[in-house]
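Here is the structure we will look at.
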Amino acid sequence: MRKFLLLYPLLALLFVLPGYAFSQTKSQLSGTVSDSSSKALDLVTVRLFKKNNAAPLQVALSKDNGRFQLNKPDTGNYILSFTHTGFDEKRITIIVDSRAGDMHIDPVQLSRASGVLKEVVVTSQRPLVEQSDDKIVFNAEDDPATKTETAIDILRRTPFVTVDGEDNIKVNGKSNFKVLLNGRETSMFARNVKEALRGFPGALISKIEVITTPSAKYDGEGIGGLINIITKKKVIGYNGTLSSFHRTSDKLSNYAVNGNAKLGKFGLSVFLNAGYSDPVAQYNINTTVPAMQSVYTRRTLEGNQFTSANWSFGNAELSWDLDTLNTISVYTNIDSWSNKTVSNQTITTDFASDPSSVSLYNLNNKSNNPGVNVGSDYIKHFKKNKTREFSIRFLGEFGKNDSRLNSFQDNPGTDRYLINDSYAKNDQYTIQADNSIPIKKNGTFEGGAKAILRRASSDFQSLAKYDGTENYKVNPANTDFFKYRQNVISLYSMYTLRIKKSTFRVGVRAEYTDVNGDFITSHTLVKSGYTMLLPNIQWTNRVSKVSTLVFGYTKRLQRPYIWDLNPFVNNNDSLNISYGNPDLGPQTTHALNAQLRFVKGNTFAGINLEGSYSGNKILQYSFFDPQTGITRTTSLNIGREIQSSLNLNFNTKITQKWSVFANGSVRYARVTNNSNSAQSNAGFGCYFNLSTSYKFNNKFSISSYLGLWKDPQTIQTTYPFSTWHNVALNYKVFKNKINISLRTVNYFEKTHDYKTVTKDQNFYSTNITRQIRRGAVLVLTWNFGKLTENVSKKKGVNNDDILTKPAAPSGN
């Protein structure tokens, strides 16, 4: 505790140091900007570029009197860019010589834009955080710190997203969400989102969109919201990055390469990632104490667990602009995940009258999960109205899971040898059509259809023997071949109406789900079919130029995953077993939310109040049998949950060099067992990230994170409170092409014990996991190629344009 308390003065010093550094600033570059009638203009975005370089060195906003101020750069040739809504962009060339002192340029006048806005998008010229009716956009490529970071690091600064020290993500305080890549689903995020985002280089990311209330256009799944990662693709010429990431606490190394090229009508984007983590000891203590007379009075499983992993994944996309109105793209994703867990533990069993017994428990678990996606998109715009759009998409996903688990218990009486093998295939085919039709000047109608065909199978076998000299024998009760088919057919319709400062969006999505499961060996069939109507209503009001008020209602759906349905019994520890539930149904949630957003210049603040209700929440539930001492854990639709939450988000640039980011939420939840109303639990959870970064010059910067995290209680389980922190030093060399980042992580605490408590009227169980906390991180990134400004000849060819058309918001 004493070491932890020392952390706060150190972090306070880190937050104060940039202010001191700013007080020692060098000379200034300043000027004034006005319109053609010499009227001063405020909130003009002023960007300083090195000549022949597309990335801005500094960004500032003009004040009420039209005055702007930047730090005077080093000697050389530069370009100043001036942009403001309703005015043409103006660029001027300046020469900074070696003379000391401030530099003041001649007054700059902007000309009002005439006629229809030209369909040119310069994506580097944007504020750091933008808002639209339905989403928040974090423009990652405009934040210099992202060049040496991964997607996980960037999400820590993204509004309405929190990430804890173990890289667990929550959107709007919820763990149920979807991650999209350029508006599409991809298996590398669906199968292992933490590892995929850990390895995804920030230098590849253009922006991150956060949608806390998804519209009817999106699938009913993803209760907490959507994260859409938009990558840099449209470049003239080529560019790319090579990066490596190394962390000592879990002996993790990750390597990534990406490249982008555009030649004429063709564009190519490629991303590859590979990494591994070597075995690291993690000490576990699991204790079960019966609340009534049982076969034992206490049972403790204790010892080391070593986990290692290997992974590789990637994405490639080829796009072809057929003409100014039609675009075709084809893409593929590959991913492979391999994990190995080795445990060497002891089981101590205490009895009421007999002496305690001690057993050895060894476990070796290996799994391999390869997968591949293949997809194609066609997007069409119309000559008479280019904001009208029709698209059709196809995606095929093919995945496998091959696992083999060996365990051995050296019991005082009879030894137990066990092999559990499982081979599963998960294939999914998706076809989707969307149509967006502007109606007059202030309305948009959207509609579409989608079919998802899921095909899965699981061949599982359990073998056991009770003498090392015997042959293994099949356990028929835990051996079967399971075939699973799920078809989801969806239709949606949505209308968006803009009246003065208000936008109304109303939509409904109908999803029909048909499920067929067949246990071939046991001749057991599982069949179900259900239709869900998912309404969605949102009202957005621009209270002023800088503030927006949003009210919304949504109904969302969470279907069980295939591993929640698979009845295979994980019985490696004979008294702690778990299994899936083939009869598990979907979970639905109703949510009301009110959101206030404030955006002015480089400052964003957001407050979100939400209340939600679910009457069939999917919960992990444990049953303890006092007659046998066995604890059985499975998933059930038994939860009735009422939640209320307050989410706060704030980020700003205190100076041009000093940025501060804060994201957090407080959530209160009450969960009741529908089968036993007397069983209920309630409590608070909190998630908080605070970060700051200071850029001393174009080469050197420093940043720091502080995080707090606690999940709310469930019916049976209470989770621990945890903290994390780090400090990073970032430096650029070789003409800023190579970025070096050195970080210290949780430097005051070598290890930490995380304690989880699960209990009811029959038993009390604690699980303590001791993990290595202190560590160091080294990140190397090399940017190569010749990059010019991101320019598109027409809107709509980018998937992100589908989401952000200013003339006809999609309402997604």
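To be explicit about the labels: the chains of the structure tokens are called A, B, and onward in the order shown, and within each one the residues are counted from 1, while ligands get numbers from 1 in the order they are shown.
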
Handout entry: Spatial neighbours of A:Val757, max dist 12 Å, only C-alpha atoms, sep filter under 4 positions, as a PyMOL selection string
Key = chain A and resi 285-289+713-720+763-769

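Taking atom CA of A:Ser294 and atom CA of A:Asp350 as endpoints, the distance between them is 11.0 Å.
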
Exercise for the section: Please give the complete set of residues from stretch 72-182 of chain A that DSSP, run on the backbone, assigns to helix (DSSP H, G or I), formatted as a ChimeraX atom specification. Expected result: /A:140-142,144-148,151-155

Give me a file of those residues, with all heavy atoms, as a short mmCIF file (atom, residue, chain, number, x, y, z; two decimals), in the first residue's frame.
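part-v9.cif was written with the following content:
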data_model
loop_
_atom_site.label_atom_id
_atom_site.label_comp_id
_atom_site.auth_asym_id
_atom_site.auth_seq_id
_atom_site.Cartn_x
_atom_site.Cartn_y
_atom_site.Cartn_z
N ALA A 140 -7.04 9.29 -35.13
CA ALA A 140 -5.78 8.80 -34.55
C ALA A 140 -4.56 9.29 -35.33
O ALA A 140 -3.52 9.57 -34.73
CB ALA A 140 -5.80 7.27 -34.51
N GLU A 141 -4.66 9.42 -36.64
CA GLU A 141 -3.49 9.80 -37.41
C GLU A 141 -3.08 11.25 -37.16
O GLU A 141 -1.98 11.66 -37.54
CB GLU A 141 -3.72 9.56 -38.89
CG GLU A 141 -4.78 10.43 -39.53
CD GLU A 141 -4.93 10.11 -41.01
OE1 GLU A 141 -3.94 9.66 -41.62
OE2 GLU A 141 -6.03 10.31 -41.56
N ASP A 142 -3.96 12.04 -36.54
CA ASP A 142 -3.61 13.41 -36.20
C ASP A 142 -2.99 13.53 -34.81
O ASP A 142 -2.68 14.64 -34.37
CB ASP A 142 -4.86 14.30 -36.27
CG ASP A 142 -5.38 14.43 -37.69
OD1 ASP A 142 -4.58 14.20 -38.62
OD2 ASP A 142 -6.57 14.73 -37.88
N PRO A 144 0.27 12.60 -32.78
CA PRO A 144 1.63 12.11 -33.03
C PRO A 144 1.99 10.88 -32.20
O PRO A 144 2.80 10.07 -32.62
CB PRO A 144 2.52 13.31 -32.65
CG PRO A 144 1.63 14.50 -32.78
CD PRO A 144 0.25 14.02 -32.40
N ALA A 145 1.38 10.70 -31.01
CA ALA A 145 1.74 9.58 -30.14
C ALA A 145 1.38 8.23 -30.73
O ALA A 145 1.97 7.21 -30.37
CB ALA A 145 1.07 9.75 -28.78
N THR A 146 0.40 8.19 -31.63
CA THR A 146 -0.07 6.90 -32.14
C THR A 146 0.94 6.20 -33.03
O THR A 146 0.81 5.01 -33.29
CB THR A 146 -1.37 7.09 -32.94
OG1 THR A 146 -1.12 7.94 -34.08
CG2 THR A 146 -2.45 7.73 -32.09
N LYS A 147 1.96 6.92 -33.50
CA LYS A 147 2.91 6.32 -34.43
C LYS A 147 3.72 5.21 -33.78
O LYS A 147 4.23 4.33 -34.47
CB LYS A 147 3.84 7.40 -34.99
CG LYS A 147 3.13 8.59 -35.62
CD LYS A 147 2.21 8.17 -36.77
CE LYS A 147 1.58 9.38 -37.45
NZ LYS A 147 0.63 10.11 -36.60
N THR A 148 3.86 5.23 -32.44
CA THR A 148 4.63 4.19 -31.76
C THR A 148 3.74 3.32 -30.88
O THR A 148 4.25 2.57 -30.05
CB THR A 148 5.72 4.83 -30.87
OG1 THR A 148 5.10 5.70 -29.92
CG2 THR A 148 6.71 5.62 -31.71
N ALA A 151 -3.15 -0.56 -31.31
CA ALA A 151 -4.56 -0.20 -31.25
C ALA A 151 -5.06 -0.17 -29.81
O ALA A 151 -5.90 0.66 -29.45
CB ALA A 151 -5.38 -1.18 -32.09
N ILE A 152 -4.56 -1.08 -28.96
CA ILE A 152 -4.96 -1.09 -27.55
C ILE A 152 -4.62 0.24 -26.87
O ILE A 152 -5.42 0.81 -26.13
CB ILE A 152 -4.28 -2.26 -26.81
CG1 ILE A 152 -5.03 -3.58 -27.09
CG2 ILE A 152 -4.24 -2.02 -25.32
CD1 ILE A 152 -6.33 -3.73 -26.35
N ASP A 153 -3.41 0.74 -27.12
CA ASP A 153 -2.99 2.01 -26.52
C ASP A 153 -3.88 3.16 -26.98
O ASP A 153 -4.25 4.04 -26.19
CB ASP A 153 -1.53 2.31 -26.87
CG ASP A 153 -0.58 1.25 -26.37
OD1 ASP A 153 -0.76 0.80 -25.22
OD2 ASP A 153 0.32 0.84 -27.13
N ILE A 154 -4.22 3.18 -28.26
CA ILE A 154 -5.04 4.27 -28.81
C ILE A 154 -6.45 4.22 -28.24
O ILE A 154 -7.05 5.25 -27.94
CB ILE A 154 -5.06 4.19 -30.34
CG1 ILE A 154 -3.64 4.34 -30.90
CG2 ILE A 154 -5.97 5.26 -30.94
CD1 ILE A 154 -3.52 4.10 -32.38
N LEU A 155 -6.98 3.01 -28.04
CA LEU A 155 -8.32 2.88 -27.48
C LEU A 155 -8.40 3.45 -26.06
O LEU A 155 -9.46 3.88 -25.62
CB LEU A 155 -8.76 1.42 -27.49
CG LEU A 155 -9.16 0.85 -28.85
CD1 LEU A 155 -9.43 -0.65 -28.75
CD2 LEU A 155 -10.39 1.56 -29.40
#

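Counting from atom CA of A:Trp563, the distance to atom CA of A:Thr430 is 20.6 Å.
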
Enumerate, in order of chain and increasing residue number, the residues of stretch 230-318 of chain A with an atom no farther than 9 Å from stretch 626-638 of chain A, each with its shortest atom pair and distance in Å to one decimal, counting only C-alpha atoms, as CSV.
residue,atom,partner,partner_atom,distance
A:Pro290,CA,A:Pro626,CA,7.0
A:Ala291,CA,A:Pro626,CA,8.7
A:Met292,CA,A:Pro626,CA,7.2
A:Gln293,CA,A:Pro626,CA,6.9
A:Ser294,CA,A:Pro626,CA,4.7
A:Val295,CA,A:Gly629,CA,6.0
A:Tyr296,CA,A:Gly629,CA,7.1
